[in-house]
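Structure file entry_33.pdb (PDB, C-alpha atoms) is printed below.
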```
MODEL        1
ATOM      1  CA  MET A   1     129.372-105.007-234.112
ATOM      2  CA  ALA A   2     125.695-104.189-233.625
ATOM      3  CA  GLU A   3     124.569-101.932-230.807
ATOM      4  CA  THR A   4     122.184-103.611-228.383
ATOM      5  CA  GLU A   5     119.540-102.098-226.164
ATOM      6  CA  THR A   6     120.403-101.939-222.450
ATOM      7  CA  ASN A   7     118.136-100.546-219.712
ATOM      8  CA  ASN A   8     115.601 -99.447-222.354
ATOM      9  CA  LYS A   9     118.259 -97.283-224.049
ATOM     10  CA  ILE A  10     120.103 -97.567-227.321
ATOM     11  CA  ASN A  11     122.773 -95.276-228.779
ATOM     12  CA  TYR A  12     122.669 -94.308-232.423
ATOM     13  CA  LEU A  13     125.319 -91.921-233.769
ATOM     14  CA  ASP A  14     125.240 -89.016-231.302
ATOM     15  CA  VAL A  15     121.757 -89.688-229.902
ATOM     16  CA  THR A  16     120.573 -91.911-227.066
ATOM     17  CA  ILE A  17     117.006 -93.112-227.492
ATOM     18  CA  HIS A  18     115.185 -93.892-224.218
ATOM     19  CA  LYS A  19     112.141 -96.145-224.367
ATOM     20  CA  THR A  20     109.512 -95.197-221.770
ATOM     21  CA  PRO A  21     106.161 -96.938-221.156
ATOM     22  CA  MET A  22     104.324 -94.180-223.053
ATOM     23  CA  ASN A  23     106.760 -92.852-225.691
ATOM     24  CA  TRP A  24     110.394 -92.207-226.672
ATOM     25  CA  LYS A  25     112.829 -89.636-225.283
ATOM     26  CA  THR A  26     116.074 -88.575-226.911
ATOM     27  CA  SER A  27     119.259 -87.185-225.422
ATOM     28  CA  ILE A  28     122.741 -86.414-226.665
ATOM     29  CA  TYR A  29     125.116 -89.393-226.527
ATOM     30  CA  ARG A  30     128.793 -89.048-225.739
ATOM     31  CA  LYS A  31     131.247 -91.924-225.675
ATOM     32  CA  PRO A  32     132.718 -92.913-222.294
ATOM     33  CA  THR A  33     136.099 -91.677-223.579
ATOM     34  CA  PHE A  34     134.684 -88.198-224.319
ATOM     35  CA  THR A  35     136.835 -85.298-223.161
ATOM     36  CA  ASP A  36     135.567 -81.755-223.185
ATOM     37  CA  THR A  37     138.609 -80.479-225.057
ATOM     38  CA  ILE A  38     138.073 -78.097-227.948
ATOM     39  CA  ILE A  39     140.318 -75.347-229.353
ATOM     40  CA  PRO A  40     140.983 -73.170-226.279
ATOM     41  CA  TYR A  41     139.817 -69.574-226.435
ATOM     42  CA  THR A  42     143.344 -68.340-225.639
ATOM     43  CA  SER A  43     144.989 -70.224-228.535
ATOM     44  CA  ASN A  44     146.289 -68.451-231.607
ATOM     45  CA  HIS A  45     143.526 -69.579-233.966
ATOM     46  CA  PRO A  46     140.994 -67.581-235.947
ATOM     47  CA  ALA A  47     137.839 -66.802-233.992
ATOM     48  CA  GLN A  48     135.811 -68.639-236.653
ATOM     49  CA  HIS A  49     137.723 -71.858-235.884
ATOM     50  CA  LYS A  50     137.347 -71.441-232.129
ATOM     51  CA  TYR A  51     133.603 -70.782-232.217
ATOM     52  CA  ALA A  52     132.824 -73.470-234.812
ATOM     53  CA  THR A  53     132.532 -76.185-232.157
ATOM     54  CA  VAL A  54     130.436 -73.995-229.878
ATOM     55  CA  ARG A  55     128.089 -73.189-232.782
ATOM     56  CA  PHE A  56     127.854 -76.898-233.622
ATOM     57  CA  LEU A  57     127.007 -77.818-230.022
ATOM     58  CA  TYR A  58     124.264 -75.188-229.796
ATOM     59  CA  ASP A  59     122.908 -76.055-233.253
ATOM     60  CA  ARG A  60     122.662 -79.701-232.218
ATOM     61  CA  LEU A  61     120.993 -78.670-228.957
ATOM     62  CA  ASN A  62     118.316 -76.727-230.843
ATOM     63  CA  THR A  63     117.911 -79.205-233.706
ATOM     64  CA  TYR A  64     117.158 -82.363-231.749
ATOM     65  CA  ASN A  65     113.789 -82.689-230.087
ATOM     66  CA  LEU A  66     115.067 -82.982-226.510
ATOM     67  CA  HIS A  67     112.915 -83.220-223.416
ATOM     68  CA  GLU A  68     113.148 -80.136-221.172
ATOM     69  CA  ASP A  69     115.322 -81.937-218.580
ATOM     70  CA  GLU A  70     117.663 -83.259-221.288
ATOM     71  CA  TYR A  71     117.821 -79.800-222.877
ATOM     72  CA  LYS A  72     118.913 -78.202-219.578
ATOM     73  CA  ALA A  73     121.472 -80.964-218.918
ATOM     74  CA  GLU A  74     122.978 -80.552-222.406
ATOM     75  CA  GLU A  75     123.052 -76.778-222.006
ATOM     76  CA  ASN A  76     125.017 -77.234-218.749
ATOM     77  CA  ILE A  77     127.462 -79.579-220.470
ATOM     78  CA  ILE A  78     128.062 -76.996-223.206
ATOM     79  CA  GLN A  79     128.607 -74.288-220.582
ATOM     80  CA  ASN A  80     131.149 -76.549-218.823
ATOM     81  CA  ILE A  81     132.964 -77.251-222.089
ATOM     82  CA  MET A  82     133.195 -73.517-222.751
ATOM     83  CA  TYR A  83     134.339 -72.801-219.178
ATOM     84  CA  ASN A  84     137.013 -75.533-219.276
ATOM     85  CA  ASN A  85     138.368 -74.112-222.529
ATOM     86  CA  THR A  86     138.430 -70.497-221.230
ATOM     87  CA  PHE A  87     135.576 -69.201-223.423
ATOM     88  CA  PRO A  88     133.602 -66.209-222.150
ATOM     89  CA  ILE A  89     130.308 -67.577-220.893
ATOM     90  CA  GLN A  90     127.288 -65.791-222.322
ATOM     91  CA  PRO A  91     123.647 -66.730-221.854
ATOM     92  CA  HIS A  92     122.315 -68.816-224.714
ATOM     93  CA  LYS A  93     119.294 -67.568-226.618
ATOM     94  CA  PRO A  94     117.348 -70.133-228.636
ATOM     95  CA  PRO A  95     117.137 -69.168-232.302
ATOM     96  CA  THR A  96     114.021 -67.310-233.384
ATOM     97  CA  PRO A  97     112.192 -68.971-236.257
ATOM     98  CA  LYS A  98     112.448 -67.136-239.552
ATOM     99  CA  PRO A  99     109.176 -66.121-241.183
ATOM    100  CA  PRO A 100     108.461 -68.020-244.405
ATOM    101  CA  THR A 101     109.405 -66.088-247.499
ATOM    102  CA  SER A 102     106.803 -65.331-250.104
ATOM    103  CA  MET A 103     106.893 -66.847-253.568
ATOM    104  CA  LEU A 104     107.823 -63.440-255.009
ATOM    105  CA  ASP A 105     110.809 -63.125-252.656
ATOM    106  CA  ARG A 106     112.056 -66.577-253.721
ATOM    107  CA  GLN A 107     111.721 -65.685-257.415
ATOM    108  CA  ILE A 108     113.654 -62.443-256.913
ATOM    109  CA  ALA A 109     116.374 -64.296-255.013
ATOM    110  CA  THR A 110     116.802 -66.875-257.782
ATOM    111  CA  THR A 111     116.870 -64.330-260.611
ATOM    112  CA  THR A 112     119.465 -62.010-259.090
ATOM    113  CA  GLN A 113     122.992 -62.971-259.953
ATOM    114  CA  THR A 114     125.398 -63.467-257.092
ATOM    115  CA  PRO A 115     128.960 -62.480-257.929
ATOM    116  CA  THR A 116     131.462 -65.291-258.098
ATOM    117  CA  HIS A 117     134.088 -65.154-255.400
ATOM    118  CA  LYS A 118     137.649 -66.365-255.482
ATOM    119  CA  TRP A 119     138.923 -67.981-252.276
ATOM    120  CA  VAL A 120     142.402 -67.380-250.897
ATOM    121  CA  THR A 121     143.962 -68.986-247.817
ATOM    122  CA  PHE A 122     146.158 -67.223-245.301
ATOM    123  CA  THR A 123     148.121 -68.707-242.455
ATOM    124  CA  TYR A 124     146.599 -67.209-239.321
ATOM    125  CA  THR A 125     149.145 -65.303-237.207
ATOM    126  CA  GLY A 126     146.919 -63.165-235.014
ATOM    127  CA  LYS A 127     145.141 -59.823-235.148
ATOM    128  CA  GLU A 128     147.263 -58.725-238.100
ATOM    129  CA  THR A 129     145.673 -61.406-240.266
ATOM    130  CA  ASN A 130     142.186 -60.120-239.409
ATOM    131  CA  PHE A 131     143.318 -56.640-240.473
ATOM    132  CA  ILE A 132     144.440 -58.024-243.847
ATOM    133  CA  LYS A 133     141.130 -59.884-244.218
ATOM    134  CA  ASN A 134     139.218 -56.636-243.634
ATOM    135  CA  LEU A 135     141.176 -54.948-246.447
ATOM    136  CA  PHE A 136     139.714 -57.459-248.915
ATOM    137  CA  ARG A 137     136.154 -57.306-247.558
ATOM    138  CA  LYS A 138     134.728 -55.291-250.478
ATOM    139  CA  THR A 139     136.537 -57.234-253.211
ATOM    140  CA  ASN A 140     135.777 -60.506-254.966
ATOM    141  CA  LEU A 141     138.405 -62.257-252.826
ATOM    142  CA  LYS A 142     137.211 -64.281-249.837
ATOM    143  CA  ILE A 143     139.760 -65.152-247.162
ATOM    144  CA  ALA A 144     139.930 -68.540-245.438
ATOM    145  CA  PHE A 145     142.340 -69.100-242.560
ATOM    146  CA  ARG A 146     144.583 -72.057-241.887
ATOM    147  CA  THR A 147     147.048 -72.771-239.107
ATOM    148  CA  ASN A 148     150.468 -74.378-239.087
ATOM    149  CA  ASN A 149     149.901 -76.578-236.044
ATOM    150  CA  THR A 150     147.991 -79.333-237.779
ATOM    151  CA  VAL A 151     148.011 -83.014-236.905
ATOM    152  CA  HIS A 152     149.807 -83.669-240.199
ATOM    153  CA  CYS A 153     152.677 -81.369-239.205
ATOM    154  CA  LEU A 154     152.929 -82.973-235.776
ATOM    155  CA  LEU A 155     152.906 -86.590-236.976
ATOM    156  CA  ARG A 156     154.848 -86.564-240.229
ATOM    157  CA  HIS A 157     158.317 -88.043-240.322
ATOM    158  CA  LYS A 158     161.160 -85.673-240.860
ATOM    159  CA  GLN A 159     162.812 -86.372-244.197
ATOM    160  CA  GLN A 160     166.476 -87.038-243.730
ATOM    161  CA  VAL A 161     168.586 -85.541-246.480
ATOM    162  CA  SER A 162     170.695 -88.359-247.842
ATOM    163  CA  HIS A 163     174.146 -87.877-249.297
ATOM    164  CA  LYS A 164     174.211 -87.641-253.099
ATOM    165  CA  TYR A 165     176.533 -90.664-253.442
ATOM    166  CA  THR A 166     174.092 -92.949-251.567
ATOM    167  CA  GLN A 167     171.415 -92.454-254.252
ATOM    168  CA  SER A 168     170.953 -93.962-257.707
ATOM    169  CA  GLY A 169     170.271 -92.116-260.958
ATOM    170  CA  VAL A 170     171.895 -90.554-264.012
ATOM    171  CA  TYR A 171     175.503 -89.425-263.822
ATOM    172  CA  THR A 172     178.159 -87.703-265.957
ATOM    173  CA  LEU A 173     181.887 -88.513-265.941
ATOM    174  CA  MET A 174     184.197 -85.817-267.377
ATOM    175  CA  CYS A 175     187.681 -86.449-268.717
ATOM    176  CA  PHE A 176     190.026 -83.766-267.409
ATOM    177  CA  ASP A 177     192.477 -84.172-270.353
ATOM    178  CA  CYS A 178     190.187 -84.080-273.398
ATOM    179  CA  LYS A 179     187.034 -82.579-271.827
ATOM    180  CA  LYS A 180     184.816 -85.339-273.222
ATOM    181  CA  ALA A 181     181.912 -86.631-271.108
ATOM    182  CA  TYR A 182     180.319 -90.011-270.540
ATOM    183  CA  VAL A 183     176.681 -90.091-269.413
ATOM    184  CA  GLY A 184     175.423 -93.222-267.633
ATOM    185  CA  GLN A 185     172.649 -94.499-265.443
ATOM    186  CA  THR A 186     172.733 -96.766-262.385
ATOM    187  CA  GLY A 187     170.091 -98.398-260.197
ATOM    188  CA  LYS A 188     172.577 -98.832-257.373
ATOM    189  CA  ALA A 189     174.097 -96.262-255.027
ATOM    190  CA  PHE A 190     176.868 -94.253-256.727
ATOM    191  CA  LYS A 191     179.442 -95.202-254.120
TER     192      LYS A 191
ENDMDL
END
```
Write-out of the structure in structure tokens:
Amino acid sequence: MAETETNNKINYLDVTIHKTPMNWKTSIYRKPTFTDTIIPYTSNHPAQHKYATVRFLYDRLNTYNLHEDEYKAEENIIQNIMYNNTFPIQPHKPPTPKPPTSMLDRQIATTTQTPTHKWVTFTYTGKETNFIKNLFRKTNLKIAFRTNNTVHCLLRHKQQVSHKYTQSGVYTLMCFDCKKAYVGQTGKAFK
């Protein structure tokens, strides 16, 4: 279904484009069903996972060319999201532009070899996992965290263990008198 313009506005991906008599203005678009729920600060997740959404929100704020009023409104929304998810509120500083690198610096960067790293995943359990990660900081091993409370774990069906005689397959029958065996196969349940 195609999006149509209403009240001189149209939504495209996560941007709302406002048509004014003189030019265009952009703002961040959120669906009407938007909730401000992200990984709470108090949850048992790695700090990198918790702050990933906050970094994304601020990166989007500073990437899009927002009007000053829209910028302030979006900054307030981000602050509310952080507050509602128990994050410590800190003043936001816009990123400082990096000075362009010289041609010599780029040539040096491309000629130096970066060591290859091997990635390992750990299930995050708390501060202890960060301690283990710090032990490997000066090695070629890079640590990535995962958690056990994934959507897959919550939604998957529990496999019921069926009784062995309700299954099909290969079977062996032993004679108790002469100790000879007969091996057979069935597509039906053994019972």
Report, in Å with one decimal, the straight-line distance from CA of Lys25 in chain A to CA of Glu70 in chain A.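 Those two atoms sit 8.9 Å apart.
Here CA of Thr147 in chain A is placed at a distance of 5.4 Å from CA of Thr123 in chain A.
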Do you have the CA of Val151 in chain A-CA of Ile28 in chain A distance handy?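 Result for CA of Val151 in chain A versus CA of Ile28 in chain A: 27.5 Å, one decimal.
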Tell me, as an mmCIF file with C-alpha atoms, in the frame of the given file, which residues lie within 9 Å of Ile17 in chain A, counting all atoms listed in the file; anything in the same chain fewer than 5 positions away does not count.
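Okay, around_37.cif is ready:
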```cif
data_model
loop_
_atom_site.group_PDB
_atom_site.id
_atom_site.type_symbol
_atom_site.label_atom_id
_atom_site.label_comp_id
_atom_site.auth_asym_id
_atom_site.auth_seq_id
_atom_site.Cartn_x
_atom_site.Cartn_y
_atom_site.Cartn_z
ATOM 1 C CA ASN A 8 115.601 -99.447 -222.354
ATOM 2 C CA LYS A 9 118.259 -97.283 -224.049
ATOM 3 C CA ILE A 10 120.103 -97.567 -227.321
ATOM 4 C CA ASN A 11 122.773 -95.276 -228.779
ATOM 5 C CA TYR A 12 122.669 -94.308 -232.423
ATOM 6 C CA TRP A 24 110.394 -92.207 -226.672
ATOM 7 C CA LYS A 25 112.829 -89.636 -225.283
ATOM 8 C CA THR A 26 116.074 -88.575 -226.911
ATOM 9 C CA SER A 27 119.259 -87.185 -225.422
ATOM 10 C CA ILE A 28 122.741 -86.414 -226.665
ATOM 11 C CA TYR A 29 125.116 -89.393 -226.527
#
```
May I have the residues within 9 Å of range 128-131 of chain A as a list of chain:residue names, using only C-alpha atoms and disregarding those fewer than 6 positions away in the same chain? A:Pro46, A:Phe122, A:Phe145
Excluding Phe190 in chain A and its own-chain neighbours fewer than 4 positions away, which residues fall within 7 Å of it when counting all atoms listed in the file? Please give them as number ranges by chain. A: 165-168
Residues within 12 Å of Arg60 in chain A, please, as a VMD selection string. Count only C-alpha atoms; anything in the same chain fewer than 2 positions from it doesn't count. chain A and resid 14 to 15 27 to 29 53 to 58 62 to 66 71 74 to 75 78 94 to 95
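Residue nearest Arg146 in chain A within the list A:Thr4, A:Thr20, A:Gln48, A:Thr116: A:Gln48 [criterion: smallest interatomic distance, all atoms listed in the file].
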The PyMOL selection byres ((chain A and resi 83) around 12) on the file shown: which residues, as a list in words?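 Answer for the PyMOL selection byres ((chain A and resi 83) around 12): Asp36, Thr37, Ile38, Pro40, Tyr41, Thr42, Val54, Asn76, Ile77, Ile78, Gln79, Asn80, Ile81, Met82, Asn84, Asn85, Thr86, Phe87, Pro88, Ile89 and Gln90 of chain A.
Distances from A:Val170, A:Ala52, A:Val120, A:Ile143 to Tyr182 in chain A were compared using all atoms listed in the file, and the smallest one belongs to A:Val170.
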First collect every listed atom of range 56-67 of chain A; then fit an axis-aligned box around them, widen it by 3 Å on each side, and give centre and edge lengths in Å to one decimal, as JSON.
```
{"center_x": 120.4, "center_y": -79.2, "center_z": -228.6, "size_x": 20.9, "size_y": 14.0, "size_z": 16.3}
```
Need to verify the contact set: Asn148 in chain A, 10 Å, only C-alpha atoms, exclusion of same-chain residues closer than 5 positions in sequence. Can you return it as a list in words?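 So the residues in contact are His45, Thr123, Tyr124, Thr125, Cys153 and Leu154 of chain A.
Each of A:Thr33, A:Thr172, A:Arg156, A:Gly126 was compared to Gly184 in chain A using all atoms listed in the file, and A:Thr172 turns out to be the nearest.
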